[in-house]
Amino acid sequence: MSDQVPAGRYGSRARRTAPPAVRWGLGVLAAVVLLGVALLGYRNLGSAPIEGKQVAFEVIDDGSVHVTAEVRRDDPARPAECVIRARAESGEEVGRKEILVPPATGTVQQGTVLRTSHRATIGEVYGCTYRVPEYLSTHQRPTG
């Protein structure tokens with residue numbers, strides 16, 4: 001009994017390989033895709049250039065809350081803007097304010113009083129950015 005099978009009936013057992021140029025091209029394509037995924041992960045999961053957090057808050061009365069924000073940034077020479085907000089017990093936002101954080105070395109703590117439409121139960125830092133609106137940096141009120 002023979003282990004050979006008729007080639008015309010089942011096809012050849014010889015494996016076809018891709019030319020070397022195609023194999024190199026696929027290898028380069030795979031490397032580029034992996035590099036892109038790694039870069040995307042670094043940008044999305046790496047440390048933020050600026051971070052703000054609430055370190056203290058005090059509800060003053062039914063219409064105001066005092067919030068102390070702590071801001072850490074990778075470039076202390078640049079001014080920053082942080083959005084501070086107050087929320088009611090229901091979770092509804094009852095007040096919002098933008099504050100200017102001037103250039104300073106190290107971590108900065110800055111307090112502000114936020115007026116609210118209803119009694120707040122918490123005051124917090126919503127977020128910070130280096131994109132400071134002109135009216136904050138020039139002390140001009142927005143129009144419109």
# chains A, B, ... in the order shown; residues from 1 in each chain; ligands from 1

$ select_by_dssp --residues "chain A" --states "strand (DSSP E)" --output "ChimeraX atom specification"
/A:50-61,64-73,80-87,93-101,108-115,122-129

$ residues_around --residues "segment 97-111 of chain A" --least-positions-apart "2" --cutoff "6 Å" --atoms "only C-alpha atoms" --output "JSON, numbers by chain"
{"A": [67, 68, 69, 70, 71, 72, 76, 77, 78, 79, 80, 81, 82, 83, 84]}

$ select_by_dssp --residues "segment 13-141 of chain A" --states "helix (DSSP H, G or I)" --output "ChimeraX atom specification"
/A:20-45,134-137

$ atom_distance --atom1 "atom CA of Glu58 of chain A" --atom2 "atom CA of Arg119 of chain A"
11.6 Å

$ atom_distance --atom1 "atom CA of Glu93 of chain A" --atom2 "atom CA of Ala56 of chain A"
17.9 Å

$ residues_around --residues "His118 of chain A" --least-positions-apart "2" --cutoff "9 Å" --atoms "only C-alpha atoms" --output "list in words"
Asp62, Gly63, Ser64, Arg87, Ala88, Val94, Gly95, Thr116 and Ala120 of chain A

$ write_last_selection --atoms "C-alpha atoms" --output "JSON list (two decimals), in the first residue's frame"
[["chain", "number", "residue", "atom", "x", "y", "z"],
["A", 62, "ASP", "CA", -27.91, 78.54, 48.91],
["A", 63, "GLY", "CA", -26.37, 80.68, 46.14],
["A", 64, "SER", "CA", -22.61, 80.17, 46.37],
["A", 87, "ARG", "CA", -23.61, 70.41, 41.29],
["A", 88, "ALA", "CA", -26.77, 69.90, 43.30],
["A", 94, "VAL", "CA", -26.09, 74.58, 39.18],
["A", 95, "GLY", "CA", -23.08, 76.79, 38.50],
["A", 116, "THR", "CA", -25.07, 78.98, 41.89],
["A", 120, "ALA", "CA", -24.87, 73.11, 45.67]]

$ closest_residue --among "A:Gly25, A:Pro20, A:Gly123, A:Pro133" --to "Val65 of chain A" --atoms "only C-alpha atoms"
A:Gly123

$ atom_distance --atom1 "atom CA of Arg96 of chain A" --atom2 "atom CA of Gly127 of chain A"
11.4 Å

$ closest_residue --among "A:Thr112, A:Thr121, A:Asn44, A:Thr17" --to "Gly91 of chain A" --atoms "only C-alpha atoms"
A:Thr121

$ closest_residue --among "A:Asp75, A:Glu92, A:Glu124, A:Glu134" --to "Lys53 of chain A" --atoms "only C-alpha atoms"
A:Glu124
